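Content type compact mmCIF, C-alpha atoms, from the file coords-v1.txt:
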```txt
# COMPACT_ATOMS: atom_id res chain seq x y z
CA MET A 108 88.59 83.65 114.45
CA ARG A 109 91.28 86.37 113.88
CA SER A 110 93.30 88.98 111.92
CA VAL A 111 96.61 90.74 111.40
CA ASN A 112 96.15 94.26 112.74
CA GLY A 113 93.05 95.05 114.78
CA TYR A 114 89.90 94.08 112.95
CA ILE A 115 89.75 91.95 109.88
CA HIS A 116 88.50 93.08 106.51
CA ASP A 117 88.05 89.52 105.27
CA ASN A 118 86.40 87.54 108.04
CA LYS A 119 87.18 84.09 106.68
CA LEU A 120 89.62 82.23 108.85
CA PHE A 121 92.12 81.31 106.20
CA SER A 122 91.78 84.22 103.80
CA LYS A 123 93.29 83.80 100.35
CA ASN A 124 94.81 87.24 100.94
CA TYR A 125 96.90 85.78 103.75
CA PHE A 126 100.44 84.96 102.61
CA ASP A 127 101.12 81.62 104.34
CA ILE A 128 104.53 80.21 105.19
CA ALA A 129 104.72 77.79 102.26
CA GLU A 130 103.95 80.51 99.72
CA GLY A 131 106.32 82.94 101.40
CA MET A 132 109.20 80.48 101.49
CA ILE A 133 108.78 79.67 97.80
CA VAL A 134 108.96 83.35 96.87
CA ALA A 135 111.90 83.89 99.25
CA THR A 136 113.79 80.95 97.75
CA ILE A 137 113.46 82.37 94.26
CA ILE A 138 114.65 85.81 95.39
CA PHE A 139 117.62 84.61 97.44
CA VAL A 140 118.80 82.12 94.83
CA ALA A 141 118.67 84.86 92.21
CA LEU A 142 120.70 87.19 94.44
CA ALA A 143 123.27 84.49 95.16
CA VAL A 144 123.68 83.70 91.47
CA PHE A 145 123.80 87.17 89.99
CA LEU A 146 125.53 89.29 92.65
CA PRO A 147 129.25 89.86 92.09
CA THR A 148 131.87 87.97 94.07
CA SER A 149 133.58 91.11 95.43
CA ASP A 150 132.55 93.01 98.59
CA LEU A 151 129.82 95.57 97.94
CA ILE A 152 129.76 97.30 101.34
CA PRO A 153 132.82 98.03 103.52
CA HIS A 154 132.86 96.15 106.84
CA ALA A 155 129.80 94.14 105.85
CA ASP A 156 131.06 91.26 107.98
CA LEU A 157 130.96 93.44 111.12
CA ILE A 158 127.45 94.64 110.32
CA PHE A 159 126.38 91.04 109.75
CA SER A 160 127.82 89.87 113.09
CA ALA A 161 126.21 92.68 115.10
CA ALA A 162 122.83 92.39 113.37
CA THR A 163 122.64 88.60 113.72
CA PHE A 164 123.51 88.84 117.43
CA LEU A 165 120.75 91.37 118.09
CA PHE A 166 118.27 89.52 115.87
CA GLY A 167 118.94 86.30 117.77
CA ILE A 168 118.09 87.96 121.07
CA ALA A 169 114.98 89.70 119.70
CA SER A 170 113.62 86.69 117.81
CA ALA A 171 114.11 84.38 120.82
CA TYR A 172 112.11 86.79 122.99
CA TYR A 173 109.29 87.27 120.50
CA VAL A 174 108.96 83.58 119.68
CA ALA A 175 108.84 82.67 123.39
CA ASN A 176 106.39 85.50 124.15
CA ARG A 177 104.05 84.70 121.26
CA HIS A 178 104.23 80.95 121.88
CA ASP A 179 103.33 81.46 125.54
CA ARG A 180 100.31 83.52 124.44
CA TYR A 181 99.31 80.79 121.99
CA THR A 182 99.62 78.15 124.71
CA GLN A 183 97.38 80.19 127.02
CA LEU A 184 94.86 80.50 124.21
CA ARG A 185 94.81 76.75 123.66
CA SER A 186 94.24 76.23 127.37
CA ASN A 187 91.39 78.78 127.41
CA LEU A 188 89.71 77.17 124.41
CA ALA A 189 89.84 73.79 126.12
CA GLN A 190 88.36 75.33 129.28
CA GLU A 191 85.65 77.00 127.22
CA SER A 192 84.63 73.66 125.73
CA ALA A 193 84.65 72.09 129.19
CA SER A 194 82.38 74.88 130.48
CA LEU A 195 79.98 74.38 127.57
CA ILE A 196 79.81 70.67 128.32
CA SER A 197 79.21 71.46 132.00
CA LEU A 198 76.37 73.81 131.01
CA TYR A 199 74.73 71.07 129.02
CA ASP A 200 75.21 68.45 131.73
CA ALA A 201 73.72 70.79 134.35
CA SER A 202 70.73 71.55 132.13
CA ALA A 203 69.95 67.84 131.81
CA VAL A 204 68.58 67.71 135.38
CA LEU A 205 66.47 70.84 134.84
CA GLY A 206 64.06 69.27 132.40
CA GLN A 207 64.12 68.03 128.81
CA GLU A 208 62.65 71.22 127.38
CA PHE A 209 65.24 73.42 129.08
CA SER A 210 68.06 71.05 128.16
CA THR A 211 67.01 71.21 124.49
CA LYS A 212 67.02 75.00 124.55
CA VAL A 213 70.50 75.02 126.09
CA ALA A 214 71.83 72.54 123.52
CA ASN A 215 70.44 74.59 120.63
CA ALA A 216 71.85 77.83 122.05
CA ILE A 217 75.28 76.28 122.56
CA ALA A 218 75.30 74.79 119.06
CA ASN A 219 74.37 78.15 117.51
CA TYR A 220 77.04 79.89 119.58
CA MET A 221 79.80 77.51 118.48
CA ALA A 222 78.74 77.73 114.85
CA GLU A 223 78.90 81.52 115.03
CA THR A 224 82.43 81.53 116.45
CA TYR A 225 83.68 79.62 113.39
CA LYS A 226 82.98 82.67 111.24
CA TYR A 227 85.54 84.94 112.88
CA GLN A 228 89.26 85.16 113.40
CA LEU A 229 90.43 84.19 116.89
CA GLU A 230 90.96 87.75 118.16
CA ASN A 231 87.47 88.77 117.04
CA PHE A 232 85.19 85.82 117.73
CA VAL A 233 84.35 86.94 121.28
CA ILE A 234 82.84 90.13 119.87
CA GLY A 235 81.41 88.49 116.77
CA SER A 236 79.62 85.77 118.75
CA GLN A 237 78.36 88.07 121.52
CA ASN A 238 74.71 87.93 120.40
CA GLU A 239 74.68 84.14 120.37
CA TYR A 240 76.42 84.06 123.74
CA ASP A 241 73.79 86.43 125.16
CA ARG A 242 71.12 83.91 124.12
CA ILE A 243 72.81 81.34 126.36
CA VAL A 244 72.91 83.83 129.23
CA ASP A 245 69.23 84.68 128.68
CA LEU A 246 68.31 81.08 129.49
CA ALA A 247 69.41 81.49 133.12
CA PRO A 248 66.22 83.31 134.26
CA LEU A 249 64.15 80.41 132.88
CA ILE A 250 65.53 78.03 135.49
CA GLU A 251 62.82 76.99 137.96
CA PRO A 252 64.20 74.19 140.13
CA GLN A 253 61.54 72.07 141.83
CA MET A 254 63.57 69.32 143.51
CA ALA A 255 66.80 69.23 145.47
CA SER A 256 68.68 67.69 142.53
CA GLN A 257 67.47 70.52 140.31
CA HIS A 258 68.76 73.09 142.79
CA VAL A 259 72.17 71.47 142.52
CA GLY A 260 71.87 71.52 138.73
CA ALA A 261 70.87 75.18 138.78
CA ASP A 262 73.91 76.07 140.90
CA LYS A 263 76.16 74.10 138.57
CA PHE A 264 74.63 75.83 135.55
CA MET A 265 75.29 79.28 136.98
CA GLU A 266 78.81 78.30 138.04
CA SER A 267 79.60 77.09 134.52
CA LEU A 268 78.10 80.23 133.02
CA LEU A 269 80.28 82.47 135.18
CA SER A 270 83.33 80.38 134.28
CA LEU A 271 82.48 80.66 130.59
CA ASN A 272 82.19 84.43 130.84
CA THR A 273 85.62 84.67 132.49
CA ILE A 274 87.20 82.45 129.85
CA ARG A 275 85.72 84.52 127.02
CA GLU A 276 87.19 87.69 128.50
CA GLN A 277 90.59 86.01 128.76
CA ILE A 278 90.39 84.91 125.13
CA PHE A 279 89.46 88.45 124.12
CA VAL A 280 92.42 89.96 125.97
CA LEU A 281 94.83 87.42 124.50
CA GLY A 282 93.43 88.06 121.03
CA GLN A 283 94.05 91.80 121.31
CA ASP A 284 97.59 91.33 122.63
CA LYS A 285 99.46 92.03 119.39
CA LEU A 286 103.01 93.02 118.61
CA THR A 287 103.29 96.78 118.07
CA TRP A 288 104.62 98.56 115.01
CA PHE A 289 107.78 99.27 116.99
CA ASP A 290 108.33 95.55 117.59
CA TRP A 291 107.96 94.80 113.89
CA MET A 292 110.11 97.76 112.87
CA SER A 293 112.99 96.52 115.00
CA MET A 294 112.69 93.00 113.59
CA TYR A 295 112.46 94.17 109.99
CA THR A 296 115.36 96.60 110.45
CA LEU A 297 117.64 93.89 111.81
CA SER A 298 116.52 91.49 109.09
CA PHE A 299 117.25 94.07 106.42
CA LEU A 300 120.74 94.68 107.82
CA ILE A 301 121.43 90.95 107.86
CA PHE A 302 120.24 90.47 104.29
CA ILE A 303 122.19 93.46 102.98
CA SER A 304 125.40 92.59 104.78
CA LEU A 305 125.14 88.88 103.97
CA PHE A 306 124.83 89.44 100.24
CA SER A 307 127.44 92.23 100.29
CA ILE A 308 130.29 90.19 101.74
CA GLY A 309 131.03 88.55 98.41
CA PHE A 310 130.82 84.93 97.31
CA GLU A 311 134.05 83.02 96.74
CA SER A 312 132.44 79.69 95.87
CA HIS A 313 129.15 77.97 95.19
CA VAL A 314 129.20 76.52 98.71
CA VAL A 315 129.29 80.02 100.20
CA ARG A 316 126.40 81.06 97.95
CA MET A 317 124.40 78.03 99.11
CA ILE A 318 125.08 78.83 102.76
CA ALA A 319 123.96 82.43 102.21
CA VAL A 320 120.69 81.23 100.71
CA MET A 321 120.09 78.78 103.57
CA LEU A 322 120.79 81.45 106.21
CA SER A 323 118.45 83.87 104.46
CA LEU A 324 115.66 81.30 104.25
CA THR A 325 116.09 80.42 107.93
CA LEU A 326 115.79 84.09 108.85
CA THR A 327 112.69 84.44 106.69
CA LEU A 328 111.13 81.36 108.28
CA ILE A 329 111.66 82.81 111.76
CA LEU A 330 109.87 86.01 110.72
CA PHE A 331 106.96 84.00 109.33
CA ILE A 332 106.73 81.95 112.53
CA ILE A 333 106.62 85.09 114.67
CA ARG A 334 103.98 86.59 112.37
CA ASP A 335 101.79 83.48 112.47
CA LEU A 336 102.10 83.17 116.23
CA ASP A 337 101.18 86.84 116.60
CA ASN A 338 98.18 86.40 114.28
CA MET A 339 97.33 83.03 115.84
CA HIS A 340 97.49 81.33 112.46
CA ARG A 341 99.04 78.15 113.84
CA ASN A 342 96.47 75.41 113.15
CA GLU A 343 93.84 77.48 114.93
CA LYS A 344 90.95 76.04 112.95
CA LEU A 345 91.99 72.49 113.68
CA LEU A 346 92.34 73.50 117.33
CA ILE A 347 88.85 74.99 117.40
CA TYR A 348 87.24 72.11 115.52
CA GLY A 349 88.98 69.59 117.77
CA THR A 350 87.59 71.12 120.97
CA TYR A 351 84.12 72.00 119.71
CA ASP A 352 83.57 68.62 118.03
CA ARG A 353 83.56 67.05 121.48
CA VAL A 354 80.80 69.42 122.59
CA PHE A 355 78.65 68.64 119.54
CA ASP A 356 79.14 64.92 120.15
CA LYS A 357 78.22 65.30 123.82
CA MET A 358 74.96 67.03 122.91
CA LYS A 359 74.33 64.43 120.15
CA LYS A 360 74.17 67.14 117.51
CA PRO A 361 75.76 67.16 114.06
CA ARG A 362 79.19 68.71 113.97
CA VAL A 363 79.52 72.05 112.19
CA TYR A 364 82.22 73.04 109.71
CA LEU A 365 82.78 75.97 107.41
CA LYS A 366 82.12 74.86 103.84
CA SER A 367 85.22 76.75 102.69
CA ASP A 368 87.42 74.79 105.12
CA ILE A 369 86.17 71.49 103.71
CA ASP A 370 86.59 72.69 100.12
CA ASN A 371 90.20 73.83 100.63
CA GLY A 372 91.18 70.77 102.66
CA THR A 373 91.67 72.54 105.99
CA ILE A 374 89.43 69.96 107.67
CA THR A 375 88.35 66.49 106.55
CA PRO A 376 85.20 65.37 108.42
CA VAL A 377 85.21 61.81 109.71
CA THR A 378 82.76 59.63 107.80
CA HIS A 379 81.08 58.04 110.83
CA LYS A 380 79.99 61.41 112.33
CA GLN A 381 77.13 63.53 111.08
CA TYR A 382 77.96 67.13 110.22
CA ARG A 383 76.52 70.19 108.55
CA THR A 384 78.25 73.06 106.79
CA ILE A 385 77.82 76.81 107.10
CA GLU A 386 79.07 79.79 105.13
CA SER A 387 81.33 82.42 106.65
CA ILE A 388 79.28 85.51 105.86
CA SER A 389 79.12 87.35 109.16
CA PRO A 390 80.16 91.03 109.17
CA THR A 391 83.39 92.14 110.78
CA PRO A 392 82.97 93.45 114.35
CA SER A 393 83.09 97.23 114.37
CA PRO A 394 85.11 99.49 116.70
CA ALA A 395 81.80 100.36 118.38
CA ASP A 396 81.41 96.68 119.29
CA VAL A 397 84.80 96.75 120.95
CA ALA A 398 84.01 99.90 122.90
CA SER A 399 80.76 98.41 124.18
CA LEU A 400 82.40 95.18 125.38
CA ASP A 401 83.06 95.20 129.10
CA VAL A 402 86.54 93.81 129.65
```
Transcribe the structure of this file into structure tokens.
Amino acid sequence: MRSVNGYIHDNKLFSKNYFDIAEGMIVATIIFVALAVFLPTSDLIPHADLIFSAATFLFGIASAYYVANRHDRYTQLRSNLAQESASLISLYDASAVLGQEFSTKVANAIANYMAETYKYQLENFVIGSQNEYDRIVDLAPLIEPQMASQHVGADKFMESLLSLNTIREQIFVLGQDKLTWFDWMSMYTLSFLIFISLFSIGFESHVVRMIAVMLSLTLTLILFIIRDLDNMHRNEKLLIYGTYDRVFDKMKKPRVYLKSDIDNGTITPVTHKQYRTIESISPTPSPADVASLDV
């Protein structure tokens, strides 16, 4: 499912190279506490209070916009993933009236497709799973309705397939909608000014030092939240597993999980449901794959 800038170098969903919020806040706490303890009590920069006021005002406006913008994108993604699962279920239901053999082929193709999507970050899984998706599309010419009910099923199958294609394109577009370097530069610049001015005002008491640390940690947390929303690292695996599990259950197939996600505690399979594990070993989609995708 997805990465930080463009295409991922480590295609595992929760890469160990990814600095999560908990780790970042621990490091930030150590740094800010050290600054509050060891910096002198006198002012280090003239008019630091004015710089602090102006920077915090601008940062408040910018952060509110970016959080709202990224959260709206994340909400749209959640909706699209739910619609994708609904379309997959509709495909399977429609195939049931077209014969047992055809229904089995559809179920297998859908299961393979969903398993493949687990291996990629959210912004890349549309490209990464394209081959498996094409195998679902290739089943359409095999439809040979004989009865009136099968004609209805065939129409429903094609309708669900078209809907699925539209949803995948929407997911792709949302995945590629990233904050630009200019957006991050403005946020980091304002954050830097706030940190510098805050710790340059001078500390008259331990209470003031504590407040400075708390303000700094709050600012850091906001930056992490914006980053995770931009990278779609907000419980995205649980979101994906939650929607796809329903599809596996509908088709009466074992659920699929990445072995690494079970090992690191990201997901805990329920004991009364069968499941199988897979390894995340698929290659990263190349720029050529992006260029060849019709969006």
*Which one is closest to Phe164 of chain A: A:Ile301, A:Val354, A:Ile318, A:Lys359? Count only C-alpha atoms.*
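Between A:Ile301, A:Val354, A:Ile318, A:Lys359, the residue approaching Phe164 of chain A most closely is A:Ile301.
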*Hey, what's within 10 Å of segment 248-259 of chain A if we count only C-alpha atoms and toss same-chain stuff fewer than 6 positions away? As a list of chain:residue names, please?*
A:Ala201, A:Ser202, A:Ala203, A:Val204, A:Leu205, A:Gly206, A:Phe209, A:Met265
*Atom pair atom CA of Thr273 of chain A / atom CA of Lys226 of chain A: separation (Å)*: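 Atom-to-atom, atom CA of Thr273 of chain A to atom CA of Lys226 of chain A, that is 21.5 Å.
Using only C-alpha atoms for every distance, the candidate list A:Leu246, A:Ala141, A:Leu286, A:Val233 yields A:Leu246 as the residue closest to Ile217 of chain A.
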Report as CSV the residues of segment 216-306 of chain A within 12 Å of segment 330-340 of chain A, each with its shortest atom pair and distance in Å (one decimal), using all atoms listed in the file, ordered by chain and increasing residue number.
```
residue,atom,partner,partner_atom,distance
A:Gln228,CA,A:Met339,CA,8.7
A:Leu229,CA,A:Met339,CA,7.1
A:Glu230,CA,A:Met339,CA,8.3
A:Asn231,CA,A:Asn338,CA,11.3
A:Ile278,CA,A:Met339,CA,11.7
A:Leu281,CA,A:Met339,CA,10.0
A:Gly282,CA,A:Met339,CA,8.2
A:Gln283,CA,A:Asn338,CA,9.8
A:Asp284,CA,A:Asp337,CA,8.3
A:Lys285,CA,A:Asp337,CA,6.1
A:Leu286,CA,A:Asp337,CA,6.8
A:Thr287,CA,A:Asp337,CA,10.3
A:Asp290,CA,A:Ile333,CA,11.0
A:Trp291,CA,A:Arg334,CA,9.2
A:Met292,CA,A:Leu330,CA,11.9
A:Ser293,CA,A:Leu330,CA,11.8
A:Met294,CA,A:Leu330,CA,8.1
A:Tyr295,CA,A:Leu330,CA,8.6
A:Thr296,CA,A:Leu330,CA,11.9
A:Leu297,CA,A:Leu330,CA,11.1
A:Ser298,CA,A:Leu330,CA,8.8
A:Phe299,CA,A:Leu330,CA,11.7
```
Pull C-alpha atoms from the residues just selected and write them as a compact mmCIF listing (two decimals), in the coordinates of the input.
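Contents of the output file selection.txt:
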```txt
# COMPACT_ATOMS: atom_id res chain seq x y z
CA GLN A 228 89.26 85.16 113.40
CA LEU A 229 90.43 84.19 116.89
CA GLU A 230 90.96 87.75 118.16
CA ASN A 231 87.47 88.77 117.04
CA ILE A 278 90.39 84.91 125.13
CA LEU A 281 94.83 87.42 124.50
CA GLY A 282 93.43 88.06 121.03
CA GLN A 283 94.05 91.80 121.31
CA ASP A 284 97.59 91.33 122.63
CA LYS A 285 99.46 92.03 119.39
CA LEU A 286 103.01 93.02 118.61
CA THR A 287 103.29 96.78 118.07
CA ASP A 290 108.33 95.55 117.59
CA TRP A 291 107.96 94.80 113.89
CA MET A 292 110.11 97.76 112.87
CA SER A 293 112.99 96.52 115.00
CA MET A 294 112.69 93.00 113.59
CA TYR A 295 112.46 94.17 109.99
CA THR A 296 115.36 96.60 110.45
CA LEU A 297 117.64 93.89 111.81
CA SER A 298 116.52 91.49 109.09
CA PHE A 299 117.25 94.07 106.42
```
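Between atom CA of Ile374 of chain A and atom CA of Arg242 of chain A there is a distance of 28.3 Å.
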*So how far away is atom CA of Ala222 of chain A from atom CA of Lys360 of chain A, in Å?*
11.8 Å
*asked:* Which residues are close to segment 184-186 of chain A, i.e. within 8 Å by all atoms listed in the file, leaving aside same-chain residues fewer than 2 positions away? Reply as a PyMOL selection string.
replied: chain A and resi 180-182+188-190+278+281+346
_Exercise: segment 302-308 of chain A partners within 12 Å, all atoms listed in the file, chain neighbours under 6 positions left out, as a PyMOL selection string_ = chain A and resi 135+138-163+166+295-296+315-327
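Nearest to Ser194 of chain A of all the residues A:Ser236, A:Asn215, A:Ser210, A:Ser270 is A:Ser270, counting only C-alpha atoms.
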*Write out as a list in words the residues lying within 12 Å of Gly349 of chain A, counting only C-alpha atoms and excluding same-chain residues fewer than 2 positions away.*
Arg185, Leu188, Ala189, Ser192, Asn342, Glu343, Lys344, Leu345, Leu346, Ile347, Tyr351, Asp352, Arg353, Val354, Phe355, Asp356, Arg362, Val363, Tyr364, Ile374, Thr375, Pro376 and Val377 of chain A
*Closest of A:Ile329, A:Ser267, A:Asp127, A:Glu208 to Ala169 of chain A - atom-to-atom distances counting only C-alpha atoms*: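 Residue with the minimum atom-to-atom distance to Ala169 of chain A: A:Ile329.
You can rank A:Asn272, A:Lys357, A:Tyr227, A:Thr136 by their closest distance to Asp241 of chain A using all atoms listed in the file, and at the top of that list sits A:Asn272.
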